[in-house]
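Okay, upload23.cif is below, mmCIF, C-alpha atoms, pLDDT in the B column; chains and numbers go by the auth columns:
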```cif
data_entry
loop_
_atom_site.group_PDB
_atom_site.id
_atom_site.type_symbol
_atom_site.label_atom_id
_atom_site.label_comp_id
_atom_site.label_asym_id
_atom_site.label_seq_id
_atom_site.Cartn_x
_atom_site.Cartn_y
_atom_site.Cartn_z
_atom_site.B_iso_or_equiv
_atom_site.auth_seq_id
_atom_site.auth_asym_id
ATOM 1 C CA MET A 1 -8.835 23.740 194.091 89.00 66 O
ATOM 2 C CA LEU A 2 -9.845 20.287 192.929 96.00 67 O
ATOM 3 C CA LEU A 3 -6.480 18.634 193.585 97.00 68 O
ATOM 4 C CA GLU A 4 -4.158 19.801 196.382 97.00 69 O
ATOM 5 C CA ILE A 5 -0.775 18.106 196.701 97.00 70 O
ATOM 6 C CA ASP A 6 1.550 19.282 199.458 97.00 71 O
ATOM 7 C CA ASN A 7 5.149 18.292 200.242 96.00 72 O
ATOM 8 C CA LEU A 8 4.870 14.930 198.500 96.00 73 O
ATOM 9 C CA CYS A 9 7.891 12.645 198.934 96.00 74 O
ATOM 10 C CA LEU A 10 8.637 9.117 197.754 95.00 75 O
ATOM 11 C CA SER A 11 11.985 7.331 197.665 94.00 76 O
ATOM 12 C CA PHE A 12 13.122 4.072 196.125 91.00 77 O
ATOM 13 C CA GLY A 13 16.215 3.182 198.114 86.00 78 O
ATOM 14 C CA GLY A 14 18.479 6.210 197.823 83.00 79 O
ATOM 15 C CA LEU A 15 16.582 7.658 194.837 87.00 80 O
ATOM 16 C CA LYS A 16 14.094 10.439 195.607 89.00 81 O
ATOM 17 C CA ALA A 17 11.471 9.920 192.928 92.00 82 O
ATOM 18 C CA THR A 18 9.383 12.817 194.223 93.00 83 O
ATOM 19 C CA ASN A 19 11.061 15.334 196.486 93.00 84 O
ATOM 20 C CA ASP A 20 8.834 17.741 198.445 94.00 85 O
ATOM 21 C CA VAL A 21 6.475 18.372 195.512 95.00 86 O
ATOM 22 C CA THR A 22 3.609 20.816 196.015 96.00 87 O
ATOM 23 C CA MET A 23 1.000 21.394 193.300 95.00 88 O
ATOM 24 C CA HIS A 24 -2.472 22.911 193.551 96.00 89 O
ATOM 25 C CA MET A 25 -4.709 22.418 190.522 94.00 90 O
ATOM 26 C CA GLU A 26 -7.996 24.103 189.736 93.00 91 O
ATOM 27 C CA GLY A 27 -11.001 22.244 188.426 95.00 92 O
ATOM 28 C CA GLY A 28 -12.337 22.992 184.964 95.00 93 O
ATOM 29 C CA LYS A 29 -8.899 23.322 183.384 96.00 94 O
ATOM 30 C CA ILE A 30 -6.353 21.306 181.436 97.00 95 O
ATOM 31 C CA ASN A 31 -3.255 21.024 183.608 96.00 96 O
ATOM 32 C CA GLY A 32 -0.014 19.613 182.230 96.00 97 O
ATOM 33 C CA ILE A 33 3.138 18.091 183.677 95.00 98 O
ATOM 34 C CA ILE A 34 6.354 18.155 181.676 92.00 99 O
ATOM 35 C CA GLY A 35 9.940 17.222 182.388 88.00 100 O
ATOM 36 C CA PRO A 36 12.804 15.170 180.966 83.00 101 O
ATOM 37 C CA ASN A 37 12.927 11.382 181.146 81.00 102 O
ATOM 38 C CA GLY A 38 13.392 10.276 184.752 81.00 103 O
ATOM 39 C CA ALA A 39 11.896 13.483 186.147 84.00 104 O
ATOM 40 C CA GLY A 40 9.316 11.527 188.177 88.00 105 O
ATOM 41 C CA LYS A 41 6.193 12.276 186.153 91.00 106 O
ATOM 42 C CA THR A 42 4.697 8.778 186.011 90.00 107 O
ATOM 43 C CA THR A 43 5.728 8.105 189.620 93.00 108 O
ATOM 44 C CA PHE A 44 3.824 11.257 190.535 93.00 109 O
ATOM 45 C CA PHE A 45 0.749 9.937 188.690 93.00 110 O
ATOM 46 C CA ASN A 46 1.123 6.599 190.473 94.00 111 O
ATOM 47 C CA GLN A 47 0.918 8.329 193.849 96.00 112 O
ATOM 48 C CA ILE A 48 -2.194 10.298 192.910 96.00 113 O
ATOM 49 C CA SER A 49 -3.926 7.159 191.619 95.00 114 O
ATOM 50 C CA GLY A 50 -2.914 4.974 194.569 95.00 115 O
ATOM 51 C CA VAL A 51 -0.436 2.673 192.822 94.00 116 O
ATOM 52 C CA TYR A 52 2.292 3.993 195.158 95.00 117 O
ATOM 53 C CA LYS A 53 1.814 5.254 198.704 95.00 118 O
ATOM 54 C CA PRO A 54 3.808 8.440 199.445 95.00 119 O
ATOM 55 C CA ASP A 55 6.440 8.335 202.175 95.00 120 O
ATOM 56 C CA SER A 56 5.182 11.715 203.367 96.00 121 O
ATOM 57 C CA GLY A 57 3.047 14.633 202.284 96.00 122 O
ATOM 58 C CA THR A 58 -0.676 14.893 201.557 97.00 123 O
ATOM 59 C CA ILE A 59 -2.961 14.560 198.547 97.00 124 O
ATOM 60 C CA LYS A 60 -6.430 16.080 198.782 97.00 125 O
ATOM 61 C CA PHE A 61 -9.057 15.598 196.103 97.00 126 O
ATOM 62 C CA ASP A 62 -12.221 17.648 196.228 95.00 127 O
ATOM 63 C CA GLY A 63 -11.375 18.602 199.807 94.00 128 O
ATOM 64 C CA LYS A 64 -10.755 15.054 201.091 96.00 129 O
ATOM 65 C CA ARG A 65 -7.455 13.268 201.692 96.00 130 O
ATOM 66 C CA ILE A 66 -6.829 10.351 199.352 96.00 131 O
ATOM 67 C CA ASP A 67 -3.154 9.573 199.971 94.00 132 O
ATOM 68 C CA GLY A 68 -2.927 6.014 201.223 88.00 133 O
ATOM 69 C CA LEU A 69 -6.209 4.885 199.631 94.00 134 O
ATOM 70 C CA LYS A 70 -6.333 1.889 197.296 94.00 135 O
ATOM 71 C CA PRO A 71 -6.569 2.539 193.528 93.00 136 O
ATOM 72 C CA TYR A 72 -10.198 1.357 193.372 92.00 137 O
ATOM 73 C CA GLN A 73 -11.116 3.703 196.248 94.00 138 O
ATOM 74 C CA ILE A 74 -9.495 6.630 194.457 95.00 139 O
ATOM 75 C CA ASN A 75 -11.357 5.718 191.284 93.00 140 O
ATOM 76 C CA GLU A 76 -14.614 5.606 193.227 92.00 141 O
ATOM 77 C CA ALA A 77 -13.774 9.061 194.629 94.00 142 O
ATOM 78 C CA GLY A 78 -13.724 10.434 191.076 95.00 143 O
ATOM 79 C CA ILE A 79 -10.225 10.039 189.604 96.00 144 O
ATOM 80 C CA ALA A 80 -9.614 7.948 186.478 95.00 145 O
ATOM 81 C CA ARG A 81 -6.365 7.413 184.597 93.00 146 O
ATOM 82 C CA THR A 82 -4.758 5.996 181.494 92.00 147 O
ATOM 83 C CA TYR A 83 -1.302 4.469 181.281 88.00 148 O
ATOM 84 C CA GLN A 84 1.861 5.189 179.331 83.00 149 O
ATOM 85 C CA VAL A 85 1.760 1.616 178.004 81.00 150 O
ATOM 86 C CA ILE A 86 -1.625 0.706 176.537 84.00 151 O
ATOM 87 C CA ASN A 87 -3.424 -1.452 179.089 83.00 152 O
ATOM 88 C CA LEU A 88 -6.564 -2.739 177.356 89.00 153 O
ATOM 89 C CA PHE A 89 -8.197 -6.156 177.500 90.00 154 O
ATOM 90 C CA LYS A 90 -7.257 -6.832 173.900 92.00 155 O
ATOM 91 C CA LYS A 91 -9.258 -10.058 173.457 93.00 156 O
ATOM 92 C CA MET A 92 -12.428 -8.448 174.783 95.00 157 O
ATOM 93 C CA THR A 93 -14.597 -6.309 172.543 96.00 158 O
ATOM 94 C CA VAL A 94 -14.325 -2.561 172.410 96.00 159 O
ATOM 95 C CA MET A 95 -17.759 -2.326 174.068 94.00 160 O
ATOM 96 C CA GLU A 96 -16.749 -4.707 176.856 93.00 161 O
ATOM 97 C CA ASN A 97 -13.613 -2.673 177.590 94.00 162 O
ATOM 98 C CA VAL A 98 -15.742 0.433 178.105 94.00 163 O
ATOM 99 C CA MET A 99 -18.205 -1.470 180.283 91.00 164 O
ATOM 100 C CA VAL A 100 -15.342 -2.634 182.509 88.00 165 O
ATOM 101 C CA GLY A 101 -14.629 1.031 183.218 86.00 166 O
ATOM 102 C CA MET A 102 -18.152 1.455 184.588 84.00 167 O
ATOM 103 C CA HIS A 103 -17.745 -1.241 187.227 71.00 168 O
ATOM 104 C CA PRO A 104 -17.195 1.171 190.195 61.00 169 O
ATOM 105 C CA ARG A 105 -20.618 2.745 189.515 59.00 170 O
ATOM 106 C CA LEU A 106 -22.638 -0.474 189.153 57.00 171 O
ATOM 107 C CA LYS A 107 -25.241 -1.301 191.799 58.00 172 O
ATOM 108 C CA SER A 108 -26.085 -4.932 190.979 55.00 173 O
ATOM 109 C CA GLY A 109 -24.241 -7.328 193.260 52.00 174 O
ATOM 110 C CA PHE A 110 -23.001 -10.876 192.830 46.00 175 O
ATOM 111 C CA PHE A 111 -26.362 -12.601 193.383 45.00 176 O
ATOM 112 C CA ALA A 112 -28.291 -10.229 191.124 51.00 177 O
ATOM 113 C CA SER A 113 -25.756 -10.825 188.359 53.00 178 O
ATOM 114 C CA THR A 114 -25.772 -14.580 188.886 54.00 179 O
ATOM 115 C CA LEU A 115 -29.583 -14.798 188.893 52.00 180 O
ATOM 116 C CA HIS A 116 -29.857 -12.287 186.049 60.00 181 O
ATOM 117 C CA THR A 117 -32.656 -10.400 187.788 69.00 182 O
ATOM 118 C CA LYS A 118 -34.827 -7.813 186.102 71.00 183 O
ATOM 119 C CA LYS A 119 -32.968 -5.028 187.896 71.00 184 O
ATOM 120 C CA GLN A 120 -29.634 -6.402 186.724 68.00 185 O
ATOM 121 C CA ARG A 121 -30.882 -6.726 183.120 68.00 186 O
ATOM 122 C CA GLU A 122 -32.102 -3.136 183.160 72.00 187 O
ATOM 123 C CA GLU A 123 -28.782 -1.934 184.530 68.00 188 O
ATOM 124 C CA GLU A 124 -26.854 -3.866 181.877 78.00 189 O
ATOM 125 C CA LYS A 125 -29.005 -2.305 179.149 82.00 190 O
ATOM 126 C CA THR A 126 -28.321 1.143 180.599 86.00 191 O
ATOM 127 C CA ILE A 127 -24.547 0.677 180.733 89.00 192 O
ATOM 128 C CA ARG A 128 -24.481 -0.687 177.174 90.00 193 O
ATOM 129 C CA GLU A 129 -26.291 2.419 175.982 92.00 194 O
ATOM 130 C CA LYS A 130 -23.903 4.622 177.932 92.00 195 O
ATOM 131 C CA ALA A 131 -20.897 2.733 176.548 93.00 196 O
ATOM 132 C CA MET A 132 -22.151 3.252 173.004 95.00 197 O
ATOM 133 C CA ASP A 133 -22.651 6.971 173.680 94.00 198 O
ATOM 134 C CA LEU A 134 -19.039 7.219 174.861 95.00 199 O
ATOM 135 C CA LEU A 135 -17.763 5.324 171.827 96.00 200 O
ATOM 136 C CA ARG A 136 -19.770 7.655 169.624 95.00 201 O
ATOM 137 C CA PHE A 137 -18.181 10.586 171.478 94.00 202 O
ATOM 138 C CA VAL A 138 -14.740 9.576 170.126 93.00 203 O
ATOM 139 C CA GLY A 139 -15.857 8.080 166.823 93.00 204 O
ATOM 140 C CA LEU A 140 -15.374 4.404 167.719 96.00 205 O
ATOM 141 C CA GLU A 141 -19.020 3.311 167.633 96.00 206 O
ATOM 142 C CA ASP A 142 -18.526 1.280 164.433 96.00 207 O
ATOM 143 C CA TYR A 143 -15.914 -0.860 166.241 96.00 208 O
ATOM 144 C CA ALA A 144 -18.053 -1.656 169.305 96.00 209 O
ATOM 145 C CA ASN A 145 -18.149 -5.405 168.622 95.00 210 O
ATOM 146 C CA GLU A 146 -14.576 -5.737 167.370 96.00 211 O
ATOM 147 C CA GLN A 147 -11.768 -7.045 169.552 96.00 212 O
ATOM 148 C CA ALA A 148 -9.872 -4.170 171.163 95.00 213 O
ATOM 149 C CA GLY A 149 -6.581 -5.621 169.932 94.00 214 O
ATOM 150 C CA SER A 150 -7.691 -5.199 166.315 95.00 215 O
ATOM 151 C CA LEU A 151 -7.835 -1.409 166.598 94.00 216 O
ATOM 152 C CA SER A 152 -5.051 0.808 165.313 91.00 217 O
ATOM 153 C CA TYR A 153 -2.603 2.191 167.867 89.00 218 O
ATOM 154 C CA GLY A 154 -4.257 5.615 167.861 89.00 219 O
ATOM 155 C CA GLN A 155 -7.716 4.070 168.237 92.00 220 O
ATOM 156 C CA GLN A 156 -6.516 2.005 171.200 93.00 221 O
ATOM 157 C CA ARG A 157 -5.313 5.217 172.842 92.00 222 O
ATOM 158 C CA LEU A 158 -8.779 6.701 172.350 93.00 223 O
ATOM 159 C CA LEU A 159 -10.389 3.576 173.788 94.00 224 O
ATOM 160 C CA GLU A 160 -8.272 3.888 176.931 94.00 225 O
ATOM 161 C CA ILE A 161 -9.498 7.452 177.361 94.00 226 O
ATOM 162 C CA VAL A 162 -13.105 6.331 176.846 94.00 227 O
ATOM 163 C CA ARG A 163 -12.693 3.570 179.434 93.00 228 O
ATOM 164 C CA GLY A 164 -11.441 6.197 181.878 93.00 229 O
ATOM 165 C CA LEU A 165 -14.431 8.429 181.176 95.00 230 O
ATOM 166 C CA ALA A 166 -16.779 5.478 181.719 93.00 231 O
ATOM 167 C CA SER A 167 -16.362 5.743 185.503 91.00 232 O
ATOM 168 C CA ASP A 168 -17.782 9.304 185.460 93.00 233 O
ATOM 169 C CA PRO A 169 -14.627 10.932 186.882 95.00 234 O
ATOM 170 C CA LYS A 170 -14.232 14.518 188.004 97.00 235 O
ATOM 171 C CA LEU A 171 -10.535 14.285 187.094 98.00 236 O
ATOM 172 C CA ILE A 172 -8.804 12.143 184.491 97.00 237 O
ATOM 173 C CA LEU A 173 -5.045 11.568 184.478 97.00 238 O
ATOM 174 C CA LEU A 174 -3.673 11.022 180.966 96.00 239 O
ATOM 175 C CA ASP A 175 -0.188 9.504 180.798 93.00 240 O
ATOM 176 C CA GLU A 176 1.314 10.304 177.377 92.00 241 O
ATOM 177 C CA PRO A 177 -1.927 9.943 175.379 92.00 242 O
ATOM 178 C CA ALA A 178 -0.267 11.223 172.182 91.00 243 O
ATOM 179 C CA ALA A 179 2.524 8.627 172.219 87.00 244 O
ATOM 180 C CA GLY A 180 2.627 6.832 168.862 84.00 245 O
ATOM 181 C CA MET A 181 0.017 9.106 167.270 87.00 246 O
ATOM 182 C CA ASN A 182 0.585 10.757 163.902 89.00 247 O
ATOM 183 C CA SER A 183 0.163 14.493 163.357 89.00 248 O
ATOM 184 C CA THR A 184 -3.486 14.200 162.289 90.00 249 O
ATOM 185 C CA GLU A 185 -4.362 12.092 165.326 89.00 250 O
ATOM 186 C CA LYS A 186 -2.669 14.645 167.597 91.00 251 O
ATOM 187 C CA VAL A 187 -4.803 17.442 166.165 91.00 252 O
ATOM 188 C CA GLU A 188 -7.890 15.318 166.826 92.00 253 O
ATOM 189 C CA LEU A 189 -6.637 14.603 170.368 92.00 254 O
ATOM 190 C CA ASN A 190 -6.305 18.339 171.029 93.00 255 O
ATOM 191 C CA TYR A 191 -9.924 18.797 169.974 94.00 256 O
ATOM 192 C CA LEU A 192 -11.031 15.798 172.062 95.00 257 O
ATOM 193 C CA LEU A 193 -9.371 17.118 175.224 96.00 258 O
ATOM 194 C CA HIS A 194 -11.386 20.326 175.021 95.00 259 O
ATOM 195 C CA ARG A 195 -14.581 18.342 174.428 95.00 260 O
ATOM 196 C CA ILE A 196 -13.802 16.259 177.537 96.00 261 O
ATOM 197 C CA LEU A 197 -13.346 19.495 179.480 96.00 262 O
ATOM 198 C CA ASP A 198 -16.747 20.655 178.199 95.00 263 O
ATOM 199 C CA ARG A 199 -18.256 17.513 179.779 94.00 264 O
ATOM 200 C CA GLY A 200 -17.133 18.793 183.190 95.00 265 O
ATOM 201 C CA VAL A 201 -14.046 16.579 183.518 97.00 266 O
ATOM 202 C CA THR A 202 -10.816 18.251 184.636 97.00 267 O
ATOM 203 C CA ILE A 203 -7.670 16.957 182.918 97.00 268 O
ATOM 204 C CA LEU A 204 -4.136 16.395 184.179 97.00 269 O
ATOM 205 C CA ILE A 205 -1.848 15.304 181.368 96.00 270 O
ATOM 206 C CA VAL A 206 1.756 14.102 181.164 94.00 271 O
ATOM 207 C CA GLU A 207 3.144 14.345 177.655 91.00 272 O
ATOM 208 C CA HIS A 208 6.468 14.741 175.844 88.00 273 O
ATOM 209 C CA ASP A 209 4.968 16.457 172.807 90.00 274 O
ATOM 210 C CA MET A 210 5.754 20.068 173.642 89.00 275 O
ATOM 211 C CA LYS A 211 3.740 21.525 170.770 91.00 276 O
ATOM 212 C CA LEU A 212 0.627 19.721 171.986 93.00 277 O
ATOM 213 C CA MET A 213 1.213 20.692 175.616 94.00 278 O
ATOM 214 C CA MET A 214 1.843 24.351 174.921 93.00 279 O
ATOM 215 C CA GLY A 215 -1.243 24.502 172.732 93.00 280 O
ATOM 216 C CA VAL A 216 -3.719 22.653 174.930 95.00 281 O
ATOM 217 C CA CYS A 217 -2.808 23.328 178.594 96.00 282 O
ATOM 218 C CA ASP A 218 -4.098 26.175 180.746 96.00 283 O
ATOM 219 C CA ARG A 219 -1.342 25.649 183.303 96.00 284 O
ATOM 220 C CA ILE A 220 1.876 23.648 183.244 96.00 285 O
ATOM 221 C CA PHE A 221 3.971 22.193 186.057 95.00 286 O
ATOM 222 C CA VAL A 222 7.589 21.249 185.419 94.00 287 O
ATOM 223 C CA LEU A 223 9.311 18.380 187.223 93.00 288 O
ATOM 224 C CA ASN A 224 13.042 17.737 187.199 90.00 289 O
ATOM 225 C CA TYR A 225 14.849 15.078 189.257 88.00 290 O
ATOM 226 C CA GLY A 226 11.714 14.581 191.333 91.00 291 O
ATOM 227 C CA LYS A 227 11.354 18.248 192.302 92.00 292 O
ATOM 228 C CA LYS A 228 8.973 20.895 191.008 93.00 293 O
ATOM 229 C CA LEU A 229 11.108 23.239 188.950 92.00 294 O
ATOM 230 C CA ALA A 230 8.455 25.719 187.827 93.00 295 O
ATOM 231 C CA GLU A 231 4.767 26.300 187.162 94.00 296 O
ATOM 232 C CA GLY A 232 2.742 28.801 185.199 95.00 297 O
ATOM 233 C CA THR A 233 0.961 29.414 181.930 96.00 298 O
ATOM 234 C CA PRO A 234 2.517 27.889 178.810 94.00 299 O
ATOM 235 C CA GLU A 235 3.939 31.294 177.923 94.00 300 O
ATOM 236 C CA GLU A 236 5.502 31.746 181.359 94.00 301 O
ATOM 237 C CA VAL A 237 6.993 28.258 181.361 93.00 302 O
ATOM 238 C CA GLN A 238 8.527 28.685 177.921 89.00 303 O
ATOM 239 C CA LYS A 239 10.270 31.878 179.054 90.00 304 O
ATOM 240 C CA ASN A 240 11.540 30.450 182.350 91.00 305 O
ATOM 241 C CA PRO A 241 15.372 30.241 182.155 90.00 306 O
ATOM 242 C CA GLU A 242 15.529 27.204 184.461 89.00 307 O
ATOM 243 C CA VAL A 243 13.034 25.310 182.309 88.00 308 O
ATOM 244 C CA ILE A 244 14.895 26.230 179.137 85.00 309 O
ATOM 245 C CA ALA A 245 18.137 24.974 180.631 84.00 310 O
ATOM 246 C CA ALA A 246 16.662 21.765 182.051 78.00 311 O
ATOM 247 C CA TYR A 247 14.273 20.671 179.345 63.00 312 O
ATOM 248 C CA LEU A 248 13.154 22.871 176.510 53.00 313 O
ATOM 249 C CA GLY A 249 16.593 23.730 175.189 55.00 314 O
ATOM 250 C CA GLY A 250 18.021 27.111 174.323 48.00 315 O
ATOM 251 C CA ASP A 251 16.263 27.384 170.959 46.00 316 O
ATOM 252 C CA GLU A 252 12.750 26.988 172.346 42.00 317 O
ATOM 253 C CA THR A 253 10.514 30.047 172.579 36.00 318 O
#
```

Once you've parsed the file, please lay out its structure as C-alpha cells.
Amino acid sequence: MLLEIDNLCLSFGGLKATNDVTMHMEGGKINGIIGPNGAGKTTFFNQISGVYKPDSGTIKFDGKRIDGLKPYQINEAGIARTYQVINLFKKMTVMENVMVGMHPRLKSGFFASTLHTKKQREEEKTIREKAMDLLRFVGLEDYANEQAGSLSYGQQRLLEIVRGLASDPKLILLDEPAAGMNSTEKVELNYLLHRILDRGVTILIVEHDMKLMMGVCDRIFVLNYGKKLAEGTPEEVQKNPEVIAAYLGGDET
C-alpha cells in the first residue's frame, strides 16, 4: 500500500468533516473519491497534503507517517496536489509556473543563486529543459513564454497538473481536474491520466463527473457526511444500494 489512512477524524466546531475514515490505496493505480457536496472530499485532501492537521487517526505514505507534517514536508516526501480553484501564478510565464513546482528538488542555496555560480547556472538549465519536457508532455510547449493567465481554462487546469508533476511525486492528488472542461478536453484528460500513471505516478482524484470517474478509476471510495460509505471497483460502487441512494440516484447503473 502506498497510502494508508486509518481512523481519520477532523471536526470544525460541532461538524465532523471526516469521521473515522479508513482508506488503503495501492500504488500504480488511479484511485477516485466521490460523494455529494459537503461530503468532506476536499477536507480529506487537505489532511493528506498537510493543510489541515487531523484531530486523530494516522496517515502513512510509503510506510512513513506524515500526519502532522507541514505541506512542504509532505511535498518533499513525494505527494503533490492540485486545487479545486485554479491556483496558478497568472502573471508569471507558463515555464516559470512549472519551475516553481521543482523548488523542493533544487540543490542550489541562497548564496549560489545570488552569486549565480556555475553550479547554479547548470541546475537552472537542467530545470528549464525538464520544464519544457513536461510542457511538451501535455501539449503546452508552444505557450512556455506566455503568461499563465492568458491560457484557456482547460489549459490552466493542465498547467496545474504539470506543476504538480514537476516535483517528481510518487502520488498526485487531483481536486476536480475536469471542472470547467468541455467534452473534448475531458476525453483528453482521461488519456493524460493514464499517461501519468505510465510515468510511475499514482493518482488520487476527486471529481464530480461520474462518467469520467467510472471510466478512468481502478478503485473508488465513497464519502458521505464525512464517513466512508463504500469502496470497490467502479462496477461494484455503481451497484451498491447505499451509494445509489446517497449519491448516484436510482437511475444510475

Where does stretch 203-276 of chain O meet stretch 78-94 of chain O within 8 Å, residue by residue, with the nearest atom pair and distance in Å to one decimal for each, counting all atoms listed in the file, listed by chain and rising number, as CSV?
```
residue,atom,partner,partner_atom,distance
O:Leu262,CA,O:Gly93,CA,6.6
O:Gly265,CA,O:Gly93,CA,6.6
O:Val266,CA,O:Gly93,CA,6.8
O:Thr267,CA,O:Gly93,CA,5.0
O:Ile268,CA,O:Lys94,CA,6.5
```

I need the output of the PyMOL selection byres ((chain O and resi 218-225) around 9) for this file as a short mmCIF file (atom, residue, chain, number, x, y, z; two decimals) with C-alpha atoms, keeping the file's coordinate frame; which residues are they?
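As a result, result19.cif now contains:
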```cif
data_model
loop_
_atom_site.label_atom_id
_atom_site.label_comp_id
_atom_site.auth_asym_id
_atom_site.auth_seq_id
_atom_site.Cartn_x
_atom_site.Cartn_y
_atom_site.Cartn_z
CA ARG O 146 -6.36 7.41 184.60
CA THR O 147 -4.76 6.00 181.49
CA TYR O 148 -1.30 4.47 181.28
CA ILE O 151 -1.62 0.71 176.54
CA ASN O 152 -3.42 -1.45 179.09
CA LEU O 153 -6.56 -2.74 177.36
CA VAL O 159 -14.32 -2.56 172.41
CA ASN O 162 -13.61 -2.67 177.59
CA VAL O 163 -15.74 0.43 178.10
CA LEU O 200 -17.76 5.32 171.83
CA VAL O 203 -14.74 9.58 170.13
CA LEU O 205 -15.37 4.40 167.72
CA ALA O 213 -9.87 -4.17 171.16
CA GLY O 214 -6.58 -5.62 169.93
CA SER O 215 -7.69 -5.20 166.32
CA LEU O 216 -7.84 -1.41 166.60
CA SER O 217 -5.05 0.81 165.31
CA ILE O 226 -9.50 7.45 177.36
CA VAL O 227 -13.10 6.33 176.85
CA ARG O 228 -12.69 3.57 179.43
CA GLY O 229 -11.44 6.20 181.88
CA LEU O 230 -14.43 8.43 181.18
CA PRO O 242 -1.93 9.94 175.38
CA ALA O 243 -0.27 11.22 172.18
CA ALA O 244 2.52 8.63 172.22
CA GLY O 245 2.63 6.83 168.86
CA MET O 246 0.02 9.11 167.27
CA ASN O 247 0.58 10.76 163.90
CA GLU O 250 -4.36 12.09 165.33
CA LEU O 254 -6.64 14.60 170.37
#
```

Closest of O:Leu288, O:Ala145, O:Leu238, O:Met164 to O:Ile95, counting only C-alpha atoms, is O:Leu238

Ground truth for the PyMOL selection byres ((chain O and resi 127) around 7), written as an MDAnalysis selection string = chainID O and resid 67:68 125:126 128:129

Record the distance separating atom CA of O:Asn289 and atom CA of O:Tyr137, expressed in Å with one decimal.
-> 29.1 Å

Would you mind reading off the distance between atom CA of O:Leu257 and atom CA of O:Asn96, one decimal, in Å?
->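 Straight-line distance from atom CA of O:Leu257 to atom CA of O:Asn96 works out to 14.9 Å.
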
Taking all listed atoms of stretch 200-216 of chain O, build the axis-aligned box, pad each of the six sides by 6 Å, then write its centre and edge lengths in Å to one decimal as JSON.
```
{"center_x": -13.2, "center_y": 1.8, "center_z": 168.1, "size_x": 25.2, "size_y": 29.6, "size_z": 19.4}
```

To verify the selection step, state as a PyMOL selection string which residues the PyMOL selection byres ((chain O and resi 102-105) around 10) yields on this input.
-> chain O and resi 75+81-84+99-101+106-111+273+287-293+312

Kindly export the residues of the current selection with C-alpha atoms, as a PDB file, in the frame of the given file.
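Result saved to result31.pdb:
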```
ATOM      1  CA  LEU O  75       8.637   9.117 197.754  1.00 95.00           C
ATOM      2  CA  LYS O  81      14.094  10.439 195.607  1.00 89.00           C
ATOM      3  CA  ALA O  82      11.471   9.920 192.928  1.00 92.00           C
ATOM      4  CA  THR O  83       9.383  12.817 194.223  1.00 93.00           C
ATOM      5  CA  ASN O  84      11.061  15.334 196.486  1.00 93.00           C
ATOM      6  CA  ILE O  99       6.354  18.155 181.676  1.00 92.00           C
ATOM      7  CA  GLY O 100       9.940  17.222 182.388  1.00 88.00           C
ATOM      8  CA  PRO O 101      12.804  15.170 180.966  1.00 83.00           C
ATOM      9  CA  LYS O 106       6.193  12.276 186.153  1.00 91.00           C
ATOM     10  CA  THR O 107       4.697   8.778 186.011  1.00 90.00           C
ATOM     11  CA  THR O 108       5.728   8.105 189.620  1.00 93.00           C
ATOM     12  CA  PHE O 109       3.824  11.257 190.535  1.00 93.00           C
ATOM     13  CA  PHE O 110       0.749   9.937 188.690  1.00 93.00           C
ATOM     14  CA  ASN O 111       1.123   6.599 190.473  1.00 94.00           C
ATOM     15  CA  HIS O 273       6.468  14.741 175.844  1.00 88.00           C
ATOM     16  CA  VAL O 287       7.589  21.249 185.419  1.00 94.00           C
ATOM     17  CA  LEU O 288       9.311  18.380 187.223  1.00 93.00           C
ATOM     18  CA  ASN O 289      13.042  17.737 187.199  1.00 90.00           C
ATOM     19  CA  TYR O 290      14.849  15.078 189.257  1.00 88.00           C
ATOM     20  CA  GLY O 291      11.714  14.581 191.333  1.00 91.00           C
ATOM     21  CA  LYS O 292      11.354  18.248 192.302  1.00 92.00           C
ATOM     22  CA  LYS O 293       8.973  20.895 191.008  1.00 93.00           C
ATOM     23  CA  TYR O 312      14.273  20.671 179.345  1.00 63.00           C
TER      24      TYR O 312
END
```

Show which residues sit within 12 Å of O:Glu301, as a PyMOL selection string. Count all atoms listed in the file, and ignore same-chain residues fewer than 4 positions away.
-> chain O and resi 279+283-287+295-297+305-309+318

Compile the contact shell of O:Arg193 as a VMD selection string: residues with an atom at most 9 Å away, counting all atoms listed in the file, same-chain residues fewer than 4 positions apart removed.
-> chain O and resid 160 to 161 163 to 164 188 to 189 197 to 198

Nearest residue to O:Glu211 from the set O:Met157, O:Leu73, O:Val116, O:Ile144 (distances using all atoms listed in the file) =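 That would be O:Met157, the residue with the smallest distance to O:Glu211.
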
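Taking atom CA of O:Ala196 and atom CA of O:Ala231 as the two end points, the separation is 7.2 Å.
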